[in-house]
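Below: one structure, written as structure tokens.
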Amino acid sequence: MPKISEEHSKIGASQMHRVMGCPGSVALCEKAPPQRPSKDAEEGTKAHTVCERILKGAEPWELVGEVPLEMIEAAEAYVEHIKSLGEGKLLIEYKFHLERLDERAFGTADAVLIKDDEIHVIDYKYGAGHAVEVEDNPQLIFYALGVLEQYKRNKIHLWIIQPRAAHDDGPIRGVIMTRIDLAGWFVKFRSAIIESMKPDAELIVGDWCRWCQAFPICPAQGKIAIADAKHDFTAIEPIELPSGSLLTSDQISAVLKQKPIIEAWLKSVEEYAEQELAVGHDIPGFKVVAGRGSRSWADENEAKKFLLRELKGNAYESKLISIAKAEKYKISIPANLIKVNSGLPHIAPINDKRKAFKRDLSNEFGEVKCD
Ligand code: SF4
């Protein structure tokens, strides 16, 4: 999701994946109506602010009551990792203009640590739904290219810190690249930008559509899944969706590949409907209702004094730190204290880095007897 500082940049780090996948999107986004930040985007912005404040010296407890505890704990994991990288010049929310790539290319890296012989570029993700890969990640690579404009080093560590999403490699994932590797990506980015400037630049639907500002007006989206699922979505008549068991393997594959696009399309229709209702237009069968509010202490210090006086020891609650946090203290944890809860198997694209799960069927059918 784009960060505030990159929002007005036509060629920003968070857009590179889309620019490379769909060259026509750059021109179409120019014509798209401005988007209200989604709830996820607002939450992400708040989570980044929490990280920045802790990194700049705020005590995590100072934020209790102001933002959810989960947001503070996630930010602590981010800050701890940065501290574990050792001494160096730390740049927080590092802004750059990658003019050599394109005059519209701007970016803001969450954190950058400059050392004598290497650079660490750290990107924080608060989202829990989609675990982001660190390898060949155009957003991180764009940040690294921006940093290299000013700080020349040969070894660049790229990090994704995503405390809330499950990933086999854990919440902190890193990869090392050289300046030569990055120079190759510079060429790829430049070619994609040149392609996007052609008057007939193609519109190509893909997972990059999820964050595309042009989604509500994109002519390519009208073709969502129609060809593959053989349903006429344009008629907007009641559609009978066949159950999975009635589809061929190829049809199932086609439908599953469209899942992110269909979800993004539904979301964009919902957001558009919300905007329409908000300005008084009618969408039959729907209305806008007030969101659930939340309560927080108006004055933390006064609340603390009051609760300590009234509740004494009950004013605070403490809980055990996580295994990951305990491991940071470099203690040896007895194996019998750790229970491994394996996740339920679930479907993933064939290019997913994890090994395919093989179910042991021998116990599921019992003994097979032959007459
Ligand atoms: S919605 Fe998808 S296909 Fe359409 S312009 Fe955006 S990225 Fe391209």
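Every chain in the structure tokens has a letter given in the order shown (A, B, ...), and although residue numbers restart at 1 in each chain, ligands are simply numbered from 1 in the order shown.
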
Ser191 in chain A: which residues within 12 Å, counting only C-alpha atoms, same-chain residues fewer than 4 positions away excluded, as an mmCIF file with C-alpha atoms, in the first residue's frame?
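After the write, out-v9.cif holds the following:
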data_model
loop_
_atom_site.group_PDB
_atom_site.id
_atom_site.type_symbol
_atom_site.label_atom_id
_atom_site.label_comp_id
_atom_site.auth_asym_id
_atom_site.auth_seq_id
_atom_site.Cartn_x
_atom_site.Cartn_y
_atom_site.Cartn_z
ATOM 1 C CA MET A 16 6.963 -0.216 -9.434
ATOM 2 C CA VAL A 19 4.284 -0.206 -13.584
ATOM 3 C CA MET A 20 6.302 -3.279 -14.616
ATOM 4 C CA GLY A 21 3.232 -5.525 -14.793
ATOM 5 C CA PRO A 23 2.536 -0.329 -18.394
ATOM 6 C CA LEU A 101 15.485 6.906 -13.249
ATOM 7 C CA ASP A 102 12.700 9.383 -13.954
ATOM 8 C CA GLY A 184 20.334 -4.717 -13.464
ATOM 9 C CA TRP A 185 17.064 -3.753 -11.770
ATOM 10 C CA PHE A 186 17.625 -0.095 -12.602
ATOM 11 C CA VAL A 187 17.633 -1.090 -16.283
ATOM 12 C CA GLU A 195 7.120 1.277 -22.064
ATOM 13 C CA SER A 196 4.544 3.037 -19.900
ATOM 14 C CA MET A 197 5.070 6.312 -21.769
ATOM 15 C CA LYS A 198 4.047 4.839 -25.130
#

Kindly provide, as a PyMOL selection string, all nucleotide and amino acid residues lying within 12 Å of ligand 1, counting only C-alpha atoms and all ligand atoms.
chain A and resi 15-32+196+201-224+258+260-262+264-265+268

Between A:Ile176, A:Leu145, A:Ile72, A:Ala128, which is the closest to Thr108 in chain A once you count only C-alpha atoms?
A:Leu145

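Using only C-alpha atoms, the nearest neighbour of His81 in chain A within the list A:His346, A:Lys330, A:Lys325, A:Arg36 is A:Lys325.
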
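Of the residues listed (A:Tyr329, A:Tyr78, A:Tyr272, A:Trp61), A:Tyr78 shows the shortest atom-to-atom separation from Lys125 in chain A; distances use only C-alpha atoms.
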
Using backbone DSSP assignments, extract all strand (DSSP E) residues from range 128-334 of chain A; output them as a PyMOL selection string.
chain A and resi 155-161+172-178

Go ahead and save the residues from that selection, with C-alpha atoms, as a compact mmCIF listing (two decimals), in the first residue's frame.
# COMPACT_ATOMS: atom_id res chain seq x y z
CA LYS A 155 26.70 -4.77 -0.22
CA ILE A 156 23.05 -3.97 0.39
CA HIS A 157 20.86 -5.89 2.86
CA LEU A 158 17.16 -5.68 2.18
CA TRP A 159 14.76 -6.47 5.01
CA ILE A 160 11.01 -6.95 5.29
CA ILE A 161 9.66 -6.84 8.82
CA ILE A 172 11.80 -10.84 9.60
CA ARG A 173 13.07 -11.76 6.16
CA GLY A 174 16.27 -10.54 4.57
CA VAL A 175 18.25 -10.86 1.38
CA ILE A 176 21.64 -9.48 0.33
CA MET A 177 22.17 -7.79 -3.04
CA THR A 178 25.19 -6.19 -4.68

Rounded to one decimal, what separation in Å do you get between CA of Glu310 in chain A and CA of Gly293 in chain A?
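Taking CA of Glu310 in chain A as the start and CA of Gly293 in chain A as the end point, the length is 26.1 Å.
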
With a distance cut-off of 12 Å and only C-alpha atoms, select the neighbouring residues of Val288 in chain A, excluding the residue or stretch itself and same-chain residues fewer than 5 positions from it, and output the selection as a tab-separated table (two decimals) with N, CA and C atoms, in the first residue's frame.
chain	number	residue	atom	x	y	z
A	270	GLU	N	-17.30	-1.55	-3.56
A	270	GLU	CA	-17.81	-1.17	-2.24
A	270	GLU	C	-17.37	0.24	-1.86
A	271	GLU	N	-16.10	0.55	-2.12
A	271	GLU	CA	-15.60	1.88	-1.78
A	271	GLU	C	-16.30	2.96	-2.61
A	273	ALA	N	-19.31	2.72	-3.86
A	273	ALA	CA	-20.68	2.83	-3.35
A	273	ALA	C	-20.71	3.69	-2.09
A	274	GLU	N	-19.72	3.51	-1.23
A	274	GLU	CA	-19.64	4.30	0.01
A	274	GLU	C	-19.55	5.79	-0.32
A	275	GLN	N	-18.70	6.11	-1.31
A	275	GLN	CA	-18.54	7.51	-1.71
A	275	GLN	C	-19.85	8.06	-2.27
A	276	GLU	N	-20.51	7.26	-3.09
A	276	GLU	CA	-21.77	7.70	-3.69
A	276	GLU	C	-22.83	7.97	-2.62
A	277	LEU	N	-22.95	7.02	-1.67
A	277	LEU	CA	-23.94	7.18	-0.61
A	277	LEU	C	-23.62	8.40	0.25
A	278	ALA	N	-22.32	8.62	0.47
A	278	ALA	CA	-21.91	9.73	1.33
A	278	ALA	C	-22.32	11.08	0.73
A	279	VAL	N	-22.41	11.16	-0.61
A	279	VAL	CA	-22.82	12.44	-1.21
A	279	VAL	C	-24.31	12.45	-1.56
A	280	GLY	N	-25.04	11.48	-1.03
A	280	GLY	CA	-26.50	11.51	-1.15
A	280	GLY	C	-27.07	10.74	-2.33
A	281	HIS	N	-26.22	10.05	-3.10
A	281	HIS	CA	-26.77	9.26	-4.21
A	281	HIS	C	-27.32	7.94	-3.68
A	282	ASP	N	-28.29	7.42	-4.40
A	282	ASP	CA	-28.97	6.22	-3.91
A	282	ASP	C	-28.33	4.96	-4.47
A	283	ILE	N	-28.05	4.02	-3.60
A	283	ILE	CA	-27.65	2.67	-4.05
A	283	ILE	C	-28.71	1.76	-3.42

Env of Ile338 in chain A: 12 Å cut, atoms = only C-alpha atoms, seq-sep filter 3 positions within chain, self excluded. Answer as a JSON list (two decimals) with N, CA and C atoms, in the first residue's frame.
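The resulting file, out.json, is reproduced below:
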[["chain", "number", "residue", "atom", "x", "y", "z"],
["A", 322, "SER", "N", 6.54, -13.06, 23.98],
["A", 322, "SER", "CA", 6.47, -14.16, 23.00],
["A", 322, "SER", "C", 7.80, -14.93, 22.96],
["A", 323, "ILE", "N", 7.77, -16.10, 22.31],
["A", 323, "ILE", "CA", 9.01, -16.90, 22.16],
["A", 323, "ILE", "C", 10.02, -16.09, 21.37],
["A", 324, "ALA", "N", 9.55, -15.46, 20.29],
["A", 324, "ALA", "CA", 10.48, -14.69, 19.43],
["A", 324, "ALA", "C", 11.17, -13.60, 20.25],
["A", 326, "ALA", "N", 11.61, -13.56, 23.55],
["A", 326, "ALA", "CA", 12.50, -14.17, 24.54],
["A", 326, "ALA", "C", 13.83, -14.55, 23.89],
["A", 327, "GLU", "N", 13.74, -15.05, 22.64],
["A", 327, "GLU", "CA", 14.97, -15.48, 21.94],
["A", 327, "GLU", "C", 15.92, -14.32, 21.67],
["A", 332, "SER", "N", 18.95, -19.72, 26.45],
["A", 332, "SER", "CA", 18.63, -21.00, 25.85],
["A", 332, "SER", "C", 17.30, -21.50, 26.45],
["A", 333, "ILE", "N", 16.31, -21.64, 25.61],
["A", 333, "ILE", "CA", 14.97, -22.01, 26.09],
["A", 333, "ILE", "C", 14.82, -23.53, 26.02],
["A", 334, "PRO", "N", 14.49, -24.20, 27.14],
["A", 334, "PRO", "CA", 14.31, -25.66, 27.09],
["A", 334, "PRO", "C", 13.25, -26.04, 26.06],
["A", 335, "ALA", "N", 13.54, -27.07, 25.27],
["A", 335, "ALA", "CA", 12.64, -27.47, 24.18],
["A", 335, "ALA", "C", 11.24, -27.80, 24.70],
["A", 341, "ASN", "N", 2.68, -25.41, 17.05],
["A", 341, "ASN", "CA", 1.34, -25.62, 16.50],
["A", 341, "ASN", "C", 1.44, -25.52, 14.98]]

Gap from CA of Ala298 in chain A to CA of Ala315 in chain A - Å, one decimal:
16.4 Å

Please identify all polymer residues within 10 Å of Tyr143 in chain A, counting only C-alpha atoms, omitting same-chain residues fewer than 5 positions from it, and present them as a PyMOL selection string.
chain A and resi 12-14+94-96+98+106-112+121-123+138+148+158

For Ser296 in chain A, list every protein, DNA or RNA residue within 10 Å, evaluated using only C-alpha atoms, and leave out those in the same chain fewer than 6 positions away; present the list as a compact mmCIF listing (two decimals) with N, CA and C atoms, in the first residue's frame.
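Done, and the output landed in part27.txt:
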# COMPACT_ATOMS: atom_id res chain seq x y z
N VAL A 64 0.49 3.31 25.00
CA VAL A 64 -0.60 2.43 25.43
C VAL A 64 -1.86 3.28 25.63
N GLY A 65 -2.96 2.82 25.07
CA GLY A 65 -4.21 3.57 25.17
C GLY A 65 -4.44 4.44 23.96
N GLU A 66 -3.35 4.81 23.30
CA GLU A 66 -3.47 5.68 22.11
C GLU A 66 -3.66 4.85 20.85
N VAL A 67 -2.94 3.73 20.81
CA VAL A 67 -3.05 2.81 19.66
C VAL A 67 -3.17 1.39 20.21
N PRO A 68 -3.66 0.44 19.40
CA PRO A 68 -3.81 -0.93 19.91
C PRO A 68 -2.46 -1.52 20.37
